[in-house]
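**Student:** Attaching a single structure in structure tokens format; questions to follow.
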Amino acid sequence: MTAAGNPEVLQIQEVPNPAVPGNTELLVRLVAAGINPIDTKLRSRGTFYPDRLPTILGCDGAGIVESVGDSVQRFRPGDEVYFCYGGLGAHQGNYAEYTVVDERFVARKPASISFAEAAAAPLVLITAWEALYERGRLEPGERVLIHAGAGGVGHVAIQLAKLKGATVATTVGSEEKANFVKELGADHVIFYKQTDFVQAVLDWTGGEGVDLAFDTVGGETFHKSFPAVRVYGDIVTILEPDANTVWKTARQRNLRISLELMLTPALLKLEESLQHHAEILEQSATWIDQGKLKIHVSHKFPLQEAAKAHQLIESGSVTAKIVLLISDE
């Protein structure tokens, strides 16, 4: 990324290889990198470190360990790994051939899936896990509303909710996306363009509302969801609430409102929380290899077409995830 701006500010450049890994670090040869909406926001508005340009974007990576630092315990050259680290403007991101990551923040790649699928997984897995299991404190038997269930975070959230034993309603915009979320286990599909999703949820829950609503869309969707949540229920959003949000219904219903930003540990350099992210990925890898959790990649682009990938994700109609392919494996 050479400057803040449109997708064309993403340019292929030759840069020096990363330094030899330090004590607990791994040098990883990247095979694929995931693309997330945060990447496009950082590209268009500027990164969290605007004085450090040019920079390499991309929080999600999957690849093969090339070499290890002297104190590395868990990995050795040849190991396949995946992780969410870098790409915010300080530590380099994963739209690259190589990167260096501390072993504590890395997980073993699920053996049963491709590098492309693995690279698509970390940010959305951690986001959905924290939102449902930690912020929303989801329990077996509860009813959940997941907005945009066919999206990157949404399609993972449906599966994590089902793994917890919850019943899931989700909003979609097309018949194709409805079929997709049903395959993931969604129990009730709401076409939000044709249907009042609040009324649909109240009808589904006998007028009570869901135990937990998970907003992955933001804007009006957040505060319009308040009456769809039961009294004393939970709502979690991954977007910053609008300044003109009307909170009256949430207050009357005594809703517990939670904000989820999985980037906080990276931004604040919280090492224990970054290690927890790797633990989430380790558990998710087990479920993936057991066939209980699937990561869907809808589009793949070569690294040199990163700008095209950004254009596609900004179109707003993508199902699941987009990935950059960096090398052949």
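We name chains A, B, ... following the order of the structure tokens; residues begin at 1 in each chain, and ligands are numbered from 1 as shown.
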Give me, as a PyMOL selection string, all polymer residues having an atom no more than 10 Å from region 225-240 of chain A, counting only C-alpha atoms and skipping those fewer than 6 positions away in the same chain.
**Tutor:** chain A and resi 127-128+130-132+135-138+143-147+153+197-203+205+207-219+246-262
**Student:** Which residues are close to Tyr82 (chain A), i.e. within 12 Å by only C-alpha atoms, leaving aside same-chain residues fewer than 5 positions away? Reply as a short mmCIF file (atom, residue, chain, number, x, y, z; two decimals) with N, CA and C atoms, in the first residue's frame.
**Tutor:**
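The resulting file, around_22.cif, is shown below:
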```cif
data_model
loop_
_atom_site.label_atom_id
_atom_site.label_comp_id
_atom_site.auth_asym_id
_atom_site.auth_seq_id
_atom_site.Cartn_x
_atom_site.Cartn_y
_atom_site.Cartn_z
N LEU A 26 9.07 -17.34 14.03
CA LEU A 26 9.10 -18.21 12.86
C LEU A 26 9.19 -17.37 11.61
N VAL A 28 7.95 -17.52 8.01
CA VAL A 28 6.92 -18.28 7.30
C VAL A 28 6.91 -17.89 5.83
N ARG A 29 6.97 -18.91 4.96
CA ARG A 29 6.74 -18.66 3.53
C ARG A 29 5.25 -18.74 3.30
N LEU A 30 4.66 -17.61 2.97
CA LEU A 30 3.21 -17.52 2.82
C LEU A 30 2.75 -18.16 1.52
N VAL A 31 1.69 -18.94 1.62
CA VAL A 31 1.08 -19.56 0.44
C VAL A 31 -0.20 -18.84 0.06
N ALA A 32 -0.91 -18.31 1.05
CA ALA A 32 -2.17 -17.61 0.78
C ALA A 32 -2.41 -16.59 1.88
N ALA A 33 -3.19 -15.56 1.54
CA ALA A 33 -3.57 -14.53 2.49
C ALA A 33 -5.06 -14.26 2.36
N GLY A 34 -5.74 -14.15 3.49
CA GLY A 34 -7.16 -13.82 3.46
C GLY A 34 -7.37 -12.33 3.28
N CYS A 59 -4.26 -9.21 7.37
CA CYS A 59 -4.16 -9.76 8.73
C CYS A 59 -4.05 -11.28 8.74
N ASP A 60 -4.68 -11.93 7.76
CA ASP A 60 -4.76 -13.39 7.75
C ASP A 60 -3.70 -14.01 6.85
N GLY A 61 -3.01 -15.04 7.36
CA GLY A 61 -2.02 -15.72 6.55
C GLY A 61 -1.99 -17.21 6.80
N ALA A 62 -1.55 -17.95 5.78
CA ALA A 62 -1.30 -19.39 5.92
C ALA A 62 -0.08 -19.74 5.09
N GLY A 63 0.79 -20.57 5.64
CA GLY A 63 2.00 -20.89 4.91
C GLY A 63 2.81 -21.98 5.59
N ILE A 64 4.09 -22.04 5.22
CA ILE A 64 4.98 -23.11 5.67
C ILE A 64 6.17 -22.49 6.40
N VAL A 65 6.49 -23.04 7.56
CA VAL A 65 7.62 -22.54 8.34
C VAL A 65 8.91 -22.83 7.59
N ASN A 94 0.24 -9.82 5.35
CA ASN A 94 0.45 -11.11 4.70
C ASN A 94 0.20 -11.12 3.19
N THR A 99 6.86 -13.70 5.91
CA THR A 99 6.66 -12.87 7.09
C THR A 99 7.28 -13.56 8.29
N VAL A 101 6.59 -14.25 12.41
CA VAL A 101 5.56 -14.22 13.45
C VAL A 101 6.07 -14.98 14.66
N GLU A 103 5.94 -17.56 17.56
CA GLU A 103 5.28 -18.87 17.58
C GLU A 103 4.06 -18.89 18.50
N ARG A 104 4.04 -18.01 19.50
CA ARG A 104 2.92 -17.99 20.44
C ARG A 104 1.62 -17.55 19.78
N PHE A 105 1.72 -16.86 18.64
CA PHE A 105 0.54 -16.29 17.99
C PHE A 105 0.13 -17.07 16.75
N VAL A 106 0.65 -18.29 16.63
CA VAL A 106 0.47 -19.10 15.42
C VAL A 106 -0.18 -20.43 15.81
N ALA A 107 -0.99 -20.97 14.90
CA ALA A 107 -1.60 -22.29 15.11
C ALA A 107 -1.27 -23.20 13.94
N ARG A 108 -1.34 -24.49 14.20
CA ARG A 108 -1.12 -25.45 13.11
C ARG A 108 -2.30 -25.39 12.14
N LYS A 109 -1.99 -25.36 10.89
CA LYS A 109 -3.03 -25.35 9.86
C LYS A 109 -3.82 -26.64 9.91
N PRO A 110 -5.16 -26.56 9.78
CA PRO A 110 -5.94 -27.81 9.68
C PRO A 110 -5.42 -28.65 8.51
N ALA A 111 -5.18 -29.91 8.77
CA ALA A 111 -4.56 -30.77 7.75
C ALA A 111 -5.50 -31.08 6.59
N ILE A 113 -7.69 -29.17 4.96
CA ILE A 113 -8.12 -28.12 4.04
C ILE A 113 -6.93 -27.49 3.33
N SER A 114 -7.23 -26.73 2.28
CA SER A 114 -6.18 -26.09 1.49
C SER A 114 -5.61 -24.88 2.22
N PHE A 115 -4.47 -24.39 1.74
CA PHE A 115 -3.91 -23.16 2.29
C PHE A 115 -4.86 -21.99 2.06
N ALA A 116 -5.55 -21.98 0.93
CA ALA A 116 -6.49 -20.90 0.65
C ALA A 116 -7.60 -20.87 1.70
N GLU A 117 -8.17 -22.04 2.02
CA GLU A 117 -9.22 -22.10 3.02
C GLU A 117 -8.68 -21.71 4.40
N ALA A 118 -7.46 -22.16 4.70
CA ALA A 118 -6.86 -21.82 6.00
C ALA A 118 -6.61 -20.32 6.12
N ALA A 119 -6.16 -19.70 5.03
CA ALA A 119 -5.90 -18.26 5.07
C ALA A 119 -7.18 -17.45 5.21
N ALA A 120 -8.30 -18.02 4.77
CA ALA A 120 -9.59 -17.32 4.86
C ALA A 120 -10.15 -17.34 6.28
N ALA A 121 -9.60 -18.19 7.15
CA ALA A 121 -10.28 -18.52 8.40
C ALA A 121 -9.99 -17.62 9.60
N PRO A 122 -8.75 -17.23 9.89
CA PRO A 122 -8.44 -16.74 11.24
C PRO A 122 -9.27 -15.56 11.74
N LEU A 123 -9.29 -14.45 11.02
CA LEU A 123 -9.97 -13.26 11.54
C LEU A 123 -11.45 -13.52 11.77
N LEU A 125 -12.98 -16.45 12.21
CA LEU A 125 -13.16 -17.44 13.27
C LEU A 125 -13.03 -16.80 14.64
N HIS A 277 -5.96 -16.03 20.94
CA HIS A 277 -6.39 -16.14 19.55
C HIS A 277 -5.83 -17.39 18.89
N ALA A 278 -4.55 -17.67 19.15
CA ALA A 278 -3.95 -18.88 18.59
C ALA A 278 -4.62 -20.13 19.15
N GLU A 279 -5.01 -20.09 20.42
CA GLU A 279 -5.71 -21.23 21.02
C GLU A 279 -7.08 -21.45 20.37
N ILE A 280 -7.77 -20.35 20.06
CA ILE A 280 -9.05 -20.45 19.34
C ILE A 280 -8.82 -21.14 17.99
N LEU A 281 -7.75 -20.76 17.30
CA LEU A 281 -7.46 -21.36 15.99
C LEU A 281 -7.08 -22.83 16.12
N GLU A 282 -6.40 -23.20 17.20
CA GLU A 282 -6.06 -24.61 17.42
C GLU A 282 -7.32 -25.45 17.61
N SER A 284 -10.35 -24.63 16.64
CA SER A 284 -11.10 -24.59 15.39
C SER A 284 -10.50 -25.57 14.38
N ALA A 285 -9.18 -25.70 14.36
CA ALA A 285 -8.53 -26.64 13.45
C ALA A 285 -8.97 -28.08 13.74
#
```
